[in-house]
Structure formats: C-alpha cells, structure tokens
Amino acid sequence: MEWEGRMRYQSDSKKMKFQARGQQASKVRSLVSTLSLVSTLSLSAMLLAPAAAVADEWFQSPFGPDDTLGAVNRLTPEGAVAASRLVKEGKVYQLGMVSGPKTHAYGPRRFQMIVHQLADGTGTAMGSTGTVGNDDTVITSVGIGSQLDGLGHIGRDHVYYNNHKAADVVAPDGLKKLGTHLLPGIVTRGVCLNMAAYFGEKTLPAGKAYTEADIRGAAKKQGITIKEGDVVLLHSGYMTATKDLPELVPGEPGLGVSGAEYLAKLGVVAVGADSWALEALPSEDPKQAFPVHQILLARHGVYILENMVTQPLVDDGVNEFMFVLGVPKLEGAVQAIINPLAIR
C-alpha cells in the first residue's frame with residue numbers, strides 16, 4: 001500500500017511509464033496463461049488419445065462405419081449352395097426347444113399365452129360351414145427358450161456394435177438400430193463341436209471355459225475345419241442334464257474369452273450352445289460380466305444362439321450340416337425366439 005501511495009504523487013510521465021509497464025506485464029501474463037492452457041490441453045489430448053484409439057479399434061467393423069448387420073455380411077449365395085450339398089439323407093433336426101410358462105429363463109423373463117374364443121368356444125358356429133376357431137395373444141420376454149441375441153442386446157459402456165451409441169440405438173418401444181427384424185435368412189454350413197466328448201465327459205461342470213486351444217482340439221478330433229460364414233454349435237450336455245430341474249441353474253460350462261476371439265477371427269456368423277448363456281459362468285475373471293457376449297456381439301458382430309438342442313446331433317454323430325434360420329420380423333426386437341433347422 002505504501003508503494004502504491006508514493007506512485008500517486010509521481011509526475012505524469014512516470015505515471016505513463018508505470019501504466020505502460022503494467023499493460024505490458026498484463027499482456028505477458030495473458031500470453032503465459034494462454035500458452036499454459038494450450039500446453040495443458042495438448043497434454044490432455046496426448047494422454048487421452050491412446051484410450052480413444054483403443055475404444056475406436058474395439059468397435060471398428062470391417063464392413064464399414066455405417067454397418068448394422070455384422071457377421072451376416074459374410075453370408076453368400078455360394079455358401080448357401082455349398083451348404084445344400086451337405087444334405088445327403090434329408091433328415092431334419094429341430095434345434096429349438098419348446099417355449100412356455102415353465103421354460104427355464106433368465107429372470108425376470110416370463111411367458112404367458114392367452115387363447116381367445118367366442119364366448120366359451122361352444123357357441124353358435126359361423127356360416128353354413130359351421131366354422132369355429134381360436135386366436136391367441138402371447139405376452140412374453142423375447143429372450144426366452146431357444147433364442148438369437150441381436151447386436152443391440154449387449155454393449156460396452158453404452159456403446160454397441162460398430163460404435164453405435166446408446167442414444168442412437170435404444171428406445172423403450174423398439175431399437176432404433178440393430179433390431180433383429182433387419183436380419184436376412186441365414187442359410188449356411190453348420191458345425192457341431194462335442195466339447196463334452198473332447199474333455200472325456202458326458203456333461204461338463206459349471207464354469208468350464210472353452211479356450212482357443214480347446215476349440216482347435218475339438219475340431220481336430222472331429223476332423224472339422226471351421227470356415228468363414230459358418231455357424232458353430234457347442235455341445236456340453238448341460239441342457240440334457242438340467243432339463244428336469246425346476247429352476248434355471250446359474251452356473252454353466254461354455255465359451256471362454258480366447259475361444260470367442262478365435263471363432264470371431266475365423267469369420268463365423270453365429271455361435272450357439274446347449275445352454276442359456278453360451279459362455280462359461282462364472283466367468284474366467286469373476287469381476288467381468290458376460291465378457292463373451294461383449295466380444296461376439298459388440299466387438300465382432302457375431303450373433304449368439306442360446307438353448308440350442310444339440311443332443312440329437314451328437315447322438316447321431318453329426319459334425320456338419322446345412323443350417324437354416326428365418327428370423328421373426330418383429331420390428332426393433334433385441335432378440336428372437338427361434339427354431340433353427342439342421343439338415344443332413
């Protein structure tokens with residue numbers, strides 16, 4: 001304060017010099033502040049760049065930035081014709097189970113069927129033909145029984161397949177993108193790997209995870225080469241062992257992380273299993289939640305087929321077959337109740 005008091009009594013010239021120095025100092029401080037801010041922002045960008053690159057790479061699709069179909073892009077007319085050549089006997093296997101109110105389901109999924117009739121169904125028949133009939137309404141979770149998981153089912157940090165953000169995908173009355181109704185029919189080669197037999201078991205225990213080495217080993221044991229465009233089914237014996245239990249068993253054998261990455265890199269269209277979640281539960285890393293779903297759906301666009309009835313294929317020693325699936329055209333659906341066919 002003393003210094004400022006003395007300055008008030010200086011000559012005008014000294015006042016002007018002081019003011020000039022003050023303005024110059026202010027400009028220097030402003031410049032330093034600006035440079036400091038730029039430096040800080042640059043450093044922040046450098047630090048954030050690797051994380052952003054990893055995120056973009058994780059969600060990068062080989063089918064272009066606008067793709068919403070994922071691995072089914074690998075289906076070709078030639079592949080369908082080649083699959084048809086696998087049909088030697090014309091035997092058809094239904095890979096779907098019956099869905100109903102007692103179907104084991106991941107909570108809180110439920111199923112209810114309501115049949116509608118005129119009165120009690122025994123009233124006056126219609127017309128001279130005596131026509132009678134019934135109608136029905138189903139109130140159900142779509143992800144129940146044998147099902148297909150679409151690309152909008154599982155994401156990572158609110159981002160879904162091919163870097164589609166949740167705000168552009170999710171809506172309470174149906175997905176805005178990635179709905180299963182967009183899927184074409186799937187006609188391709190199917191492969192069934194008997195993972196239980198590979199490990200020398202009838203039924204594999206909960207938590208047993210199939211690694212890349214296991215998938216390779218099972219395929220080699222069965223003389224199978226997994227090809228681009230295939231649908232791969234994994235048999236564990238789980239469905240047969242648990243079908244009479246009153247409730248869903250929370251643990252199961254299934255695909256592990258390295259096995260999922262391996263199959264995705266081979267270019268398969270879908271991976272299925274005779275279990276309700278496809279992947280091993282508990283997960284190989286207990287801290288992770290459904291990592292295989294993230295790898296297949298969100299990262300690689302590979303579809304998941306759950307609760308596939310593989311026991312008849314295994315009983316008949318069927319390793320490869322023609323796989324046929326038409327997906328219900330429910331607009332904006334996340335999943336689909338399905339009954340694929342395996343034809344040998």
# chains A, B, ... in the order shown; residues from 1 in each chain; ligands from 1
$ residues_around --residues "Val257 in chain A" --least-positions-apart "6" --cutoff "12 Å" --atoms "only C-alpha atoms" --output "ChimeraX atom specification"
/A:208-215,263-264,278-281,283-285,288-296
$ select_by_dssp --residues "range 129-334 of chain A" --states "strand (DSSP E)" --output "compact mmCIF listing (two decimals) with N, CA and C atoms, in the first residue's frame"
# COMPACT_ATOMS: atom_id res chain seq x y z
N ASP A 135 -58.06 -67.80 -31.40
CA ASP A 135 -56.98 -66.84 -31.64
C ASP A 135 -56.11 -66.83 -30.39
N ASP A 136 -54.97 -66.20 -30.47
CA ASP A 136 -54.12 -66.19 -29.29
C ASP A 136 -53.32 -64.91 -29.18
N THR A 137 -52.97 -64.59 -27.94
CA THR A 137 -52.10 -63.47 -27.62
C THR A 137 -50.97 -64.01 -26.73
N VAL A 138 -49.75 -63.64 -27.06
CA VAL A 138 -48.59 -64.06 -26.26
C VAL A 138 -48.00 -62.84 -25.58
N ILE A 139 -47.90 -62.91 -24.28
CA ILE A 139 -47.20 -61.87 -23.50
C ILE A 139 -45.92 -62.52 -23.00
N THR A 140 -44.83 -62.16 -23.61
CA THR A 140 -43.59 -62.87 -23.29
C THR A 140 -42.36 -62.00 -23.43
N GLN A 147 -33.13 -68.99 -28.46
CA GLN A 147 -33.16 -67.58 -28.85
C GLN A 147 -31.91 -67.14 -29.58
N LEU A 148 -32.08 -66.09 -30.35
CA LEU A 148 -30.97 -65.41 -31.00
C LEU A 148 -30.77 -64.07 -30.31
N ASP A 149 -29.52 -63.78 -29.95
CA ASP A 149 -29.17 -62.47 -29.39
C ASP A 149 -28.73 -61.57 -30.52
N VAL A 159 -22.07 -48.25 -25.51
CA VAL A 159 -21.75 -48.26 -26.94
C VAL A 159 -21.97 -49.68 -27.44
N TYR A 160 -22.58 -49.79 -28.63
CA TYR A 160 -22.90 -51.09 -29.19
C TYR A 160 -22.08 -51.35 -30.46
N HIS A 164 -21.94 -47.72 -32.43
CA HIS A 164 -23.26 -47.10 -32.38
C HIS A 164 -23.58 -46.78 -30.91
N LYS A 165 -23.80 -45.51 -30.63
CA LYS A 165 -24.05 -45.06 -29.26
C LYS A 165 -25.47 -45.40 -28.81
N ILE A 186 -30.74 -66.94 -42.68
CA ILE A 186 -29.39 -67.50 -42.57
C ILE A 186 -29.41 -68.92 -43.10
N VAL A 187 -28.74 -69.12 -44.21
CA VAL A 187 -28.58 -70.45 -44.81
C VAL A 187 -27.09 -70.64 -45.05
N THR A 188 -26.49 -71.55 -44.31
CA THR A 188 -25.04 -71.71 -44.39
C THR A 188 -24.64 -73.06 -43.80
N ARG A 189 -23.37 -73.31 -43.78
CA ARG A 189 -22.86 -74.55 -43.18
C ARG A 189 -22.89 -74.44 -41.67
N GLY A 190 -23.38 -75.48 -41.01
CA GLY A 190 -23.36 -75.56 -39.57
C GLY A 190 -22.38 -76.63 -39.11
N VAL A 191 -21.75 -76.36 -37.97
CA VAL A 191 -20.78 -77.29 -37.38
C VAL A 191 -21.16 -77.51 -35.92
N CYS A 192 -21.13 -78.75 -35.47
CA CYS A 192 -21.38 -79.06 -34.06
C CYS A 192 -20.13 -79.67 -33.45
N LEU A 193 -19.57 -78.98 -32.47
CA LEU A 193 -18.39 -79.49 -31.76
C LEU A 193 -18.84 -80.08 -30.43
N ASN A 194 -18.52 -81.35 -30.23
CA ASN A 194 -18.89 -82.04 -28.98
C ASN A 194 -17.82 -81.77 -27.94
N ALA A 209 -14.55 -73.33 -19.12
CA ALA A 209 -14.45 -72.40 -20.24
C ALA A 209 -13.67 -73.02 -21.39
N TYR A 210 -14.20 -72.91 -22.60
CA TYR A 210 -13.52 -73.43 -23.78
C TYR A 210 -12.57 -72.36 -24.32
N VAL A 231 -21.84 -71.40 -38.99
CA VAL A 231 -22.49 -71.30 -37.68
C VAL A 231 -21.93 -72.45 -36.85
N VAL A 232 -21.40 -72.14 -35.68
CA VAL A 232 -20.77 -73.15 -34.83
C VAL A 232 -21.60 -73.39 -33.58
N LEU A 233 -21.98 -74.65 -33.33
CA LEU A 233 -22.71 -75.03 -32.12
C LEU A 233 -21.81 -75.83 -31.20
N LEU A 234 -21.87 -75.54 -29.91
CA LEU A 234 -21.01 -76.17 -28.92
C LEU A 234 -21.87 -77.01 -27.97
N HIS A 235 -21.57 -78.30 -27.90
CA HIS A 235 -22.36 -79.21 -27.06
C HIS A 235 -21.61 -79.50 -25.76
N GLY A 254 -19.14 -73.30 -20.87
CA GLY A 254 -19.36 -72.54 -22.09
C GLY A 254 -18.11 -71.92 -22.66
N LEU A 255 -18.32 -71.09 -23.65
CA LEU A 255 -17.23 -70.45 -24.37
C LEU A 255 -16.47 -69.48 -23.49
N ALA A 270 -22.34 -66.99 -36.49
CA ALA A 270 -23.01 -67.12 -35.19
C ALA A 270 -22.38 -68.27 -34.42
N VAL A 271 -22.49 -68.18 -33.09
CA VAL A 271 -22.02 -69.25 -32.21
C VAL A 271 -23.17 -69.59 -31.26
N GLY A 272 -23.46 -70.88 -31.12
CA GLY A 272 -24.53 -71.30 -30.24
C GLY A 272 -24.10 -72.41 -29.31
N ALA A 273 -24.97 -72.73 -28.35
CA ALA A 273 -24.65 -73.78 -27.39
C ALA A 273 -25.93 -74.32 -26.76
N TYR A 303 -23.38 -63.23 -34.02
CA TYR A 303 -24.64 -63.48 -33.31
C TYR A 303 -24.51 -64.68 -32.36
N ILE A 304 -25.35 -64.65 -31.33
CA ILE A 304 -25.32 -65.70 -30.31
C ILE A 304 -26.64 -66.47 -30.34
N LEU A 305 -26.53 -67.80 -30.31
CA LEU A 305 -27.69 -68.69 -30.31
C LEU A 305 -27.69 -69.47 -29.00
N GLU A 306 -28.72 -69.28 -28.20
CA GLU A 306 -28.76 -69.90 -26.87
C GLU A 306 -29.84 -70.97 -26.80
N GLU A 320 -21.24 -81.84 -39.33
CA GLU A 320 -21.55 -80.69 -40.17
C GLU A 320 -22.88 -80.92 -40.87
N PHE A 321 -23.55 -79.81 -41.22
CA PHE A 321 -24.90 -79.90 -41.74
C PHE A 321 -25.27 -78.58 -42.41
N MET A 322 -26.42 -78.58 -43.06
CA MET A 322 -26.97 -77.35 -43.60
C MET A 322 -27.76 -76.66 -42.49
N PHE A 323 -27.44 -75.43 -42.22
CA PHE A 323 -28.11 -74.67 -41.17
C PHE A 323 -29.07 -73.67 -41.81
N VAL A 324 -30.33 -73.67 -41.34
CA VAL A 324 -31.35 -72.80 -41.91
C VAL A 324 -32.09 -72.07 -40.79
N LEU A 325 -32.17 -70.75 -40.91
CA LEU A 325 -32.87 -69.95 -39.89
C LEU A 325 -33.53 -68.74 -40.53
$ atom_distance --atom1 "CA of Gln94 in chain A" --atom2 "CA of Leu341 in chain A"
5.0 Å
$ atom_distance --atom1 "CA of Lys221 in chain A" --atom2 "CA of Met195 in chain A"
10.3 Å
$ residues_around --residues "range 174-182 of chain A" --least-positions-apart "3" --cutoff "8 Å" --atoms "only C-alpha atoms" --output "PDB file with C-alpha atoms, in the first residue's frame"
ATOM      1  CA  THR A  68     -25.670 -52.630 -38.692  1.00  0.00           C
ATOM      2  CA  LEU A  69     -25.709 -56.303 -39.730  1.00  0.00           C
ATOM      3  CA  GLY A 150     -29.068 -59.481 -31.713  1.00  0.00           C
ATOM      4  CA  LEU A 151     -26.343 -56.855 -31.865  1.00  0.00           C
ATOM      5  CA  GLY A 152     -28.410 -54.452 -29.762  1.00  0.00           C
ATOM      6  CA  ASP A 168     -28.897 -43.773 -31.405  1.00  0.00           C
ATOM      7  CA  VAL A 169     -29.844 -47.384 -30.665  1.00  0.00           C
ATOM      8  CA  VAL A 170     -32.049 -47.704 -27.604  1.00  0.00           C
ATOM      9  CA  ALA A 171     -35.721 -46.715 -27.320  1.00  0.00           C
ATOM     10  CA  VAL A 327     -35.705 -64.694 -38.001  1.00  0.00           C
ATOM     11  CA  PRO A 328     -39.145 -63.315 -36.949  1.00  0.00           C
ATOM     12  CA  LYS A 329     -39.751 -59.820 -38.316  1.00  0.00           C
ATOM     13  CA  LEU A 330     -40.600 -58.143 -35.005  1.00  0.00           C
ATOM     14  CA  GLU A 331     -39.644 -54.520 -35.599  1.00  0.00           C
ATOM     15  CA  GLY A 332     -36.982 -53.214 -33.244  1.00  0.00           C
ATOM     16  CA  ALA A 333     -36.563 -56.512 -31.386  1.00  0.00           C
ATOM     17  CA  VAL A 334     -33.439 -57.087 -29.336  1.00  0.00           C
ATOM     18  CA  GLN A 335     -33.665 -60.874 -29.502  1.00  0.00           C
ATOM     19  CA  ALA A 336     -35.724 -63.548 -31.261  1.00  0.00           C
TER      20      ALA A 336
END
$ select_by_dssp --residues "range 192-321 of chain A" --states "alpha helix (DSSP H)" --output "MDAnalysis selection string"
chainID A and resid 195:198 212:222 238:242 257:266 291:293 311:315
$ closest_residue --among "A:Val268, A:Ile338, A:Met97, A:Ala277" --to "Thr310 in chain A" --atoms "only C-alpha atoms"
A:Met97
$ residues_around --residues "Ser99 in chain A" --least-positions-apart "4" --cutoff "8 Å" --atoms "only C-alpha atoms" --output "list in words"
Thr103, Phe111, Ile144, Gly145 and Ser146 of chain A
$ write_last_selection --atoms "N, CA and C atoms" --output "JSON list (two decimals), in the first residue's frame"
[["chain", "number", "residue", "atom", "x", "y", "z"],
["A", 103, "THR", "N", -40.68, -72.75, -19.02],
["A", 103, "THR", "CA", -39.35, -72.73, -19.61],
["A", 103, "THR", "C", -38.35, -72.03, -18.68],
["A", 111, "PHE", "N", -43.23, -65.88, -19.56],
["A", 111, "PHE", "CA", -44.02, -66.25, -20.74],
["A", 111, "PHE", "C", -45.48, -66.47, -20.33],
["A", 144, "ILE", "N", -36.38, -65.80, -24.39],
["A", 144, "ILE", "CA", -36.75, -66.95, -23.56],
["A", 144, "ILE", "C", -36.73, -68.19, -24.43],
["A", 145, "GLY", "N", -36.32, -69.32, -23.87],
["A", 145, "GLY", "CA", -36.22, -70.54, -24.66],
["A", 145, "GLY", "C", -35.06, -70.46, -25.63],
["A", 146, "SER", "N", -35.21, -71.12, -26.78],
["A", 146, "SER", "CA", -34.17, -71.06, -27.82],
["A", 146, "SER", "C", -34.24, -69.69, -28.47]]
$ closest_residue --among "A:Tyr198, A:Leu297, A:Gly70, A:Asp173" --to "Glu261 in chain A" --atoms "only C-alpha atoms"
A:Leu297
